Every structure is written in C-alpha cells, then in structure tokens.
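*Asks:* I am attaching a structure below and will ask some questions about it afterwards.
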Amino acid sequence: MKDCDGLTITVICEPFIFLSNQEGIMTEDEDAILRRKKFDSEGLLELRSEVGYQAVKDGDGGIKAGYDEAVGSLPEIFVEDGGDGDPKSMRLVEDSERRVNWILLSVMVIAYSVLSLLVGIEFEAEIAIPTLLVLSIVGLILGERWIKNGDLHLLGIAWVIISMKVLYGASLELGNWHLGGLLPLNAEGVGIVLCGLVLFNVILSYRYDSDAVAAQATLVLLAVGSTAGSVAGEDGVIIMLLISIFLLHAIAIHKSSGNLASLGIASSNIWFGMHVVTGGFELGSLNVVALQNPLKLFIAIAMVNVANAYVATRFATSKNWFSDGLEALGIGKPGLWGVSVILSMLGALLVIGSVREEISFAFSIIVLLAVCYFSSYLVVRKSPRTEVFTIAGTAIALLLFEVILVETEIIQVALDPYWIFSAGGAMSLGLLLVRHQGIVSDTVLWTGSIGATCLILVMTPMEGSNSDRALLLIFALSFLHLLGGYFSIKRRSASLAGVAVLTPWLWPLVLIISNEVLMTLSARGGSTGITRFDSIGLDLEGFVIYLVLNSIFGAWMCSSFGQASLNISSGLVGSSEMSSALKQAEAFNLWNLALWIPLLTTIVLTLDGQLSGVDGAFVFGSVSLVHSSSSVIGIRKISTTSVPIL
C-alpha cells in the first residue's frame, strides 16, 4: 500500500493493494539499497504517475518542445523544411489545385459556349463558319487531353459535349447563312449534315466510353427526327423517331448502360406527346409537324412501348442517372424500372390528354400501356418469362392487327376497333393479374390506383357539358375505390387502404386548386382561354351521392385499419424526429385524415360553387354523422389530437 501521509498534492491512493506471495518480503536494508541504485541510474525523479501529470507528446512519442499550456496548440507561422515533402500534405495541395482548376475550366467552358453563340448570331458566314470550326476543334482537343486524366475525366467529357453543341448549332444555321453558291442549304441538306454529326457523336461516345456523349447524340437524333416533317411529312417524323428510339435502346444494350436505357424509356413517349400536344412549330429553318393520323400514331406508340417494356425488364436493377438523382435529393433510391416507367407514363399522359375527345382511342392507349408494363413488371418479379410474354405479346399483336384491318377498311365491323382493342387488352391484363397477383407488391397496387385515377380524370374533358360522361367518371372512380379497398383488406395493406379512403376527396380538391392557379395566371397574363372546373358538367345529385357513399366507405375501411397513419417523412433525409413527433401526436392517423380532408373538401367545393349551400351542408353533416356514429359504437379510435372547427 502506498503511503499518502507525506504527500502535499492530491493523488488517488488505493486503499488496499494485493501483494503476490512470489515476491517475498524485503528487509529494510535491501529495500533502501535498491531504491538508491534505481535513483542513481535514472538521474531524475519521476512524479508523473503520482500526481497525474499528462505530458504533451509530439507525433513521434517525445515531449513536444515549447508547448504553452495557457495558449494551447497553434500552428507556427514559419517551419523548417526538412527536404522531403509530407505525402499527406502534398496530397492536400494537389486536391486544392484540382478544385481551383475545376472552377477555372468550368468558367472557360461556359464562356466558350457564350462565345460560340455570339459568333453564330452576330457574324456573317464568311467569319462565323471558320471561327466556329476552330472553336469546336480546340474544344475537342482539350476534351481529348482532359479525358485521359482520371481526376478531370468529367470535365473532358463536358468539353466534348460543348464542342459538339457548337457544331450542331452551326449546322442549323446552314439554312440561313449565305455564302456564294454553297449556302443556304435546303432542309434535306441540313438534315444530312445533322445526321453526319450524330454519327460522329456516336463514334466519340464509343471512343471515350461515355454515356453522356451517347445521350447527346441520340437526343439530337430525336430532334432531327422531329424536324423530318419538313421533308417527308408525318410519315417521315414517325419513321425517324422510331429509328432514333431504337438506336438509343440498341446502344444501351450494346454498352450495357442503364443510363441510356432509362433515358430512352423516359424520353420516348414524351417526344411523341410533344408532337401531339403542340400541333407543330418551326425550329430555325426546319418545321416540326404534328402527328394527327390516329392509326399511325397508335402503331408507333405500340412499337415504342413494347420496346420500352423489354428494355425496362432487361435493365431493371441497373444503375442510372434518375435513381442517383432522386437518392441525392433524399427521396430514396427507386429502381430503373420504376423511375423510367413512371416518366414514360407521364409522357403518355400528354398523348392521352390531347386525344381524350376520342374516348375509345384514349382508352386503347391506356390498356396498351398497362399490358406492356404490367407484363414487364411480372417478369422482373420472377414470373415465368415465357408465359407472361406469350400472353401479353399475343394479345397485343392480334389486337393491333385487328385495328389495322378495320381502320384500313379491309374488313368491316360494327364496333369501334379501338374499343375492341381495349376489351381484348383488358381481358389479357385481367388474366395476368389473376394468375400472378400474389407477387404484385402493395407499392405497385397503390401507385397504380393513383395513376389510374389521374388517367380517368385526364380523359374527362374540361369543356362543355356532358352529364353521361360525368356519370361514367363517377362510376369508374367508384369501381376503382372499391377495388382498392378489396385488395387492401385481402392483403392487409395500410397504404392501399389510405389511398382508397382519401382519393375520392383529394381529386376534387386538386382540380379546384389547379383551376384557381391557372385562372390567376391567366388573369395576370390577360388571357381568358382557361376553362373552369365547373364546365365538367358533373351531375350534382350523382356527385353528392358519390361523396356521401365514400364517407361511409371510408369509415368502414378505417375500422379495419385503425392504427394506420400517414408516413409523412419516411423518405426525407433528417426528418425522423419530426416523423416521430407527428406519429406520437396522431395528427395524421387515418381516422383523422378521413374526417378532416372530407370536411375541408366539402367547404372548398361549396365556396367554389361546385356544391350548393344545401348540398354542401348535407355532405358536411353526413361526414360528421358517420364519424360520430363510429365513435359511439366504438369502432372509431378516440384521438388525442384536438382540432377546433371554426
């Protein structure tokens, strides 16, 4: 045991220590001699272990000279160079220089683009053409140099893309410049030059193994295809667009590139939708024509989406730009199949919205898309490929052949050929769903329910008065809600239940808000061409019954999913605390949402004039009565959240 009586500084003394029997017991003389020898050999008295003194050591383990306990550790303004640089510090210097180079070179690329634009606009052909050629060649040389540097590879790719953009811009002006007897070129000549540049762009993409350069080439080819109407009319546009899309898919398959695959799937329907929606416009010296022939448009959409479905199946789990971008935003990381198909369906909405007056044609496109992508989804989910593709492919081929025969008047039938296609496609879709519904995830079902609701609403014209179509809308939506409720109970899916309960009340609210936003923008712009929501022509009595029945349906669904709540921040980075607080407060419990959203929608419908005062009061009272009765009989969970009604 250590003797603490003689110490004047505070130390931690052990009250007891264990003495080993092997050490034996020393006499006082032996102990004194040993202490004396140890003192003489060390030459100094070590007190650190007794007083708890912590020495400051340098990186090599020695005591650091000149350490000031009061000031602390500060860097010296001058140090002696030992000759060889520290590899770690040199790496930091290199990283700093690289960042500076990135900034400077990025600024140079932007300035390069602006300079080429000014040259093309302000100068005549005699000066502009050689100047732009020199700029593009210099840019390609710089790109060739930087691409070989692993740290600056992306910057080199940017130089190549900018240089090709300069060449594309110059080629578009070949139809406007005048240079002796050589210029201007006609539309055919401009198209040939653009196609040659696209071929050169594809070669560069393989040389540098760059998806970005290949994407530039194929997107430009799509633009060239859009302008083919200047020479070959509508048929030329369709053929060129098909060639462009198939080329993009072929390059994606050859390079095994998920980036190009997702880009091709996402852009294909958007490109066709642009031609249908815009009605045609001019791009420089080229003319973009509209696609107005229903049969040709339908065949093109069928070919494109069959190819899209195959490519989506092949690259379902590949890395792609869209998924990485959503992950960077903190919204999770959807797979290539999901994000690409959703973007493709959004493009198809452009076509469907433009042809909604032809309801049979619009429905046939919807069924076509559903068969293509649902069969692709089943294969991704490990359903038998041969069986699924046989059912879907046979149905599409036979029904498309039927449409061609009827539309070309080779055969005569009493029914609309597109209604026949819709009926046959729906049967094949139902067969696939019945045989393979066990592997369909809840996510696909509830997102599909929302998508189907959007499609039905898009197909309802916002102009004119058509009570029959309004009633058809109500019946179609009601069937969709009931189907969602059935699957939610069968599969015990809270997401399906929430969508089925809230969708009937959210879509009128969204339409009214969208209409008010458009009316506000129209008023600020001086335009009166925006059609109001009240021109849908809904039968008010049928609409009121629809709302009342959905309040009862919602209470019935909530009774089976009383603990369900909105997962409001599941995909947002850094929001777990907010999510936990909201869940604990039960502010977004399904019972509460099924009460407050219908009441809010009823108030908005009444204020906007969609419901009369009597009808609004009737719907408001019905919702309140349903929830009050549910509380009385004990099926409604008593909420801890109190929200006053003003």
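Note on naming: chains are A, B, ... as they come in the structure tokens, residues start from 1 per chain, ligands start from 1 in the order shown.
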Need to verify the contact set: stretch 484-491 of chain A, 10 Å, only C-alpha atoms, exclusion of same-chain residues closer than 3 positions in sequence. Can you return it as a list of chain:residue names?

*Replies:*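 Result of the neighbour search: A:Gly438, A:Ser441, A:Asp442, A:Leu445, A:Trp446, A:Gly448, A:Ser449, A:Ser478, A:Phe479, A:Leu480, A:His481, A:Ala494, A:Ser495, A:Leu496, A:Ala497, A:Gly498, A:Val499, A:Ala500, A:Val501, A:Phe553, A:Gly554, A:Trp556, A:Met557, A:Ser560, A:Phe561.
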
*Asks:* Which residue out of A:Tyr546, A:Trp419, A:Phe618, A:Trp321 has the minimum interatomic distance to A:Ile365 when only C-alpha atoms are used?

*Replies:*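 Smallest distance to A:Ile365 is found for A:Trp419.
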
*Asks:* Using only C-alpha atoms, find each residue of stretch 203-286 of chain A with at least one atom at most 9 Å away from an atom of stretch 158-161 of chain A; report its shortest atom-to-atom pair and that distance in Å (one decimal), sort the rows by chain and rising residue number, and return the result as a tab-separated table.

*Replies:*
```
residue	atom	partner	partner_atom	distance
A:Leu204	CA	A:Val160	CA	8.5
A:Ala212	CA	A:Ile161	CA	8.1
A:Val213	CA	A:Ile161	CA	6.3
A:Gln216	CA	A:Ile161	CA	7.3
```

*Asks:* Please write the residues from the selection above to a file, keeping N, CA and C atoms, as a short mmCIF file (atom, residue, chain, number, x, y, z; two decimals), in the first residue's frame.

*Replies:*
```cif
data_model
loop_
_atom_site.label_atom_id
_atom_site.label_comp_id
_atom_site.auth_asym_id
_atom_site.auth_seq_id
_atom_site.Cartn_x
_atom_site.Cartn_y
_atom_site.Cartn_z
N LEU A 204 -17.60 9.20 -81.11
CA LEU A 204 -16.91 9.77 -79.95
C LEU A 204 -17.36 9.11 -78.65
N ALA A 212 -22.82 9.99 -71.43
CA ALA A 212 -23.30 11.36 -71.63
C ALA A 212 -23.15 11.78 -73.09
N VAL A 213 -22.04 11.44 -73.71
CA VAL A 213 -21.83 11.79 -75.12
C VAL A 213 -22.81 11.01 -76.00
N GLN A 216 -26.20 12.61 -75.76
CA GLN A 216 -26.29 13.81 -76.59
C GLN A 216 -26.58 13.44 -78.05
#
```

*Asks:* Give me, as number ranges by chain, all polymer residues having an atom no more than 6 Å from A:Ala217, counting only C-alpha atoms and skipping those fewer than 2 positions away in the same chain.

*Replies:* A: 198, 201-202, 214-215, 219-220

*Asks:* Using only C-alpha atoms, pick whichever of A:Val311, A:Leu326, A:Ile238, A:Cys195 has the shortest atom-to-atom distance to A:Phe298.

*Replies:* A:Ile238

*Asks:* Env of A:Val109: 12 Å cut, atoms = only C-alpha atoms, seq-sep filter 6 positions within chain, self excluded. Answer as a PyMOL selection string.

*Replies:* chain A and resi 102-103+115-116+135-136+138-140+142-143+155-163+165-166

*Asks:* My list of candidates is A:Val379, A:Ile410, A:Val367, A:Ile635. Which is closest to A:Met427 when distances are computed with only C-alpha atoms?

*Replies:*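 The closest residue to A:Met427 is A:Val367.
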
*Asks:* Give the alpha helix (DSSP H) residues of stretch 389-525 of chain A, as DSSP finds them on the backbone, and put them as a VMD selection string.

*Replies:* chain A and resid 389 to 407 417 to 436 442 to 458 467 to 491 494 to 525

*Asks:* Pick out the closest residue to A:Glu173 from this set: A:Leu152, A:Ala128, A:Ile253, A:Val444. Count only C-alpha atoms.

*Replies:*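 Closest candidate: A:Ala128.
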
*Asks:* For the atom pair atom CA of A:Ile603 and atom CA of A:Gly634, what is the interatomic distance in Å to one decimal place?

*Replies:* 27.4 Å

*Asks:* Hey, what's within 6 Å of A:Leu241 if we count only C-alpha atoms and toss same-chain stuff fewer than 2 positions away? As a list in words, please?

*Replies:*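 Listing them by chain and then by number gives Leu222, Gly225, Ile238, Ile239, Ile243 and Ser244 of chain A.
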
*Asks:* Would you mind exporting the chosen residues as a short mmCIF file (atom, residue, chain, number, x, y, z; two decimals), in the first residue's frame, restricted to N, CA and C atoms?

*Replies:*
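Resulting contents of again38.cif:
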```cif
data_model
loop_
_atom_site.label_atom_id
_atom_site.label_comp_id
_atom_site.auth_asym_id
_atom_site.auth_seq_id
_atom_site.Cartn_x
_atom_site.Cartn_y
_atom_site.Cartn_z
N LEU A 222 -33.18 12.46 -82.08
CA LEU A 222 -34.63 12.62 -81.86
C LEU A 222 -35.10 13.98 -82.36
N GLY A 225 -35.24 13.84 -86.00
CA GLY A 225 -36.44 13.11 -86.41
C GLY A 225 -37.69 13.95 -86.31
N ILE A 238 -42.52 9.96 -87.97
CA ILE A 238 -42.72 8.71 -87.23
C ILE A 238 -41.55 7.75 -87.47
N ILE A 239 -41.13 7.62 -88.73
CA ILE A 239 -40.03 6.71 -89.04
C ILE A 239 -38.74 7.16 -88.36
N ILE A 243 -36.57 5.21 -85.49
CA ILE A 243 -35.15 4.91 -85.68
C ILE A 243 -34.33 5.46 -84.52
N SER A 244 -34.64 6.67 -84.10
CA SER A 244 -33.88 7.30 -83.01
C SER A 244 -34.04 6.53 -81.70
#
```

*Asks:* Could you work out how far atom CA of A:Ser422 lies from atom CA of A:Ser360, giving the answer in Å with one decimal?

*Replies:*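 Distance between the two atoms: 7.8 Å.
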
*Asks:* Just give me the gap between atom CA of A:Leu506 and atom CA of A:Gly430 in Å, one decimal is fine.

*Replies:*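 Atom CA of A:Gly430 lies at a distance of 27.6 Å from atom CA of A:Leu506.
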
*Asks:* Just list the residues in stretch 257-309 of chain A DSSP gives strand (DSSP E) on the backbone, as a PDB file with N, CA and C atoms, in the first residue's frame.

*Replies:*
```
ATOM      1  N   PHE A 281     -44.603  23.314 -84.936  1.00  0.00           N
ATOM      2  CA  PHE A 281     -43.977  24.626 -84.800  1.00  0.00           C
ATOM      3  C   PHE A 281     -42.709  24.631 -85.648  1.00  0.00           C
ATOM      4  N   GLU A 282     -42.057  25.785 -85.728  1.00  0.00           N
ATOM      5  CA  GLU A 282     -40.844  25.930 -86.521  1.00  0.00           C
ATOM      6  C   GLU A 282     -39.621  26.015 -85.612  1.00  0.00           C
ATOM      7  N   LEU A 283     -38.537  25.358 -86.046  1.00  0.00           N
ATOM      8  CA  LEU A 283     -37.270  25.380 -85.326  1.00  0.00           C
ATOM      9  C   LEU A 283     -36.193  25.815 -86.310  1.00  0.00           C
ATOM     10  N   LEU A 286     -36.206  24.625 -89.963  1.00  0.00           N
ATOM     11  CA  LEU A 286     -36.882  23.336 -90.017  1.00  0.00           C
ATOM     12  C   LEU A 286     -38.280  23.446 -89.436  1.00  0.00           C
ATOM     13  N   ASN A 287     -39.159  22.553 -89.889  1.00  0.00           N
ATOM     14  CA  ASN A 287     -40.557  22.575 -89.484  1.00  0.00           C
ATOM     15  C   ASN A 287     -40.888  21.308 -88.706  1.00  0.00           C
ATOM     16  N   VAL A 288     -41.432  21.461 -87.498  1.00  0.00           N
ATOM     17  CA  VAL A 288     -41.870  20.336 -86.671  1.00  0.00           C
ATOM     18  C   VAL A 288     -43.365  20.157 -86.889  1.00  0.00           C
TER      19      VAL A 288
END
```
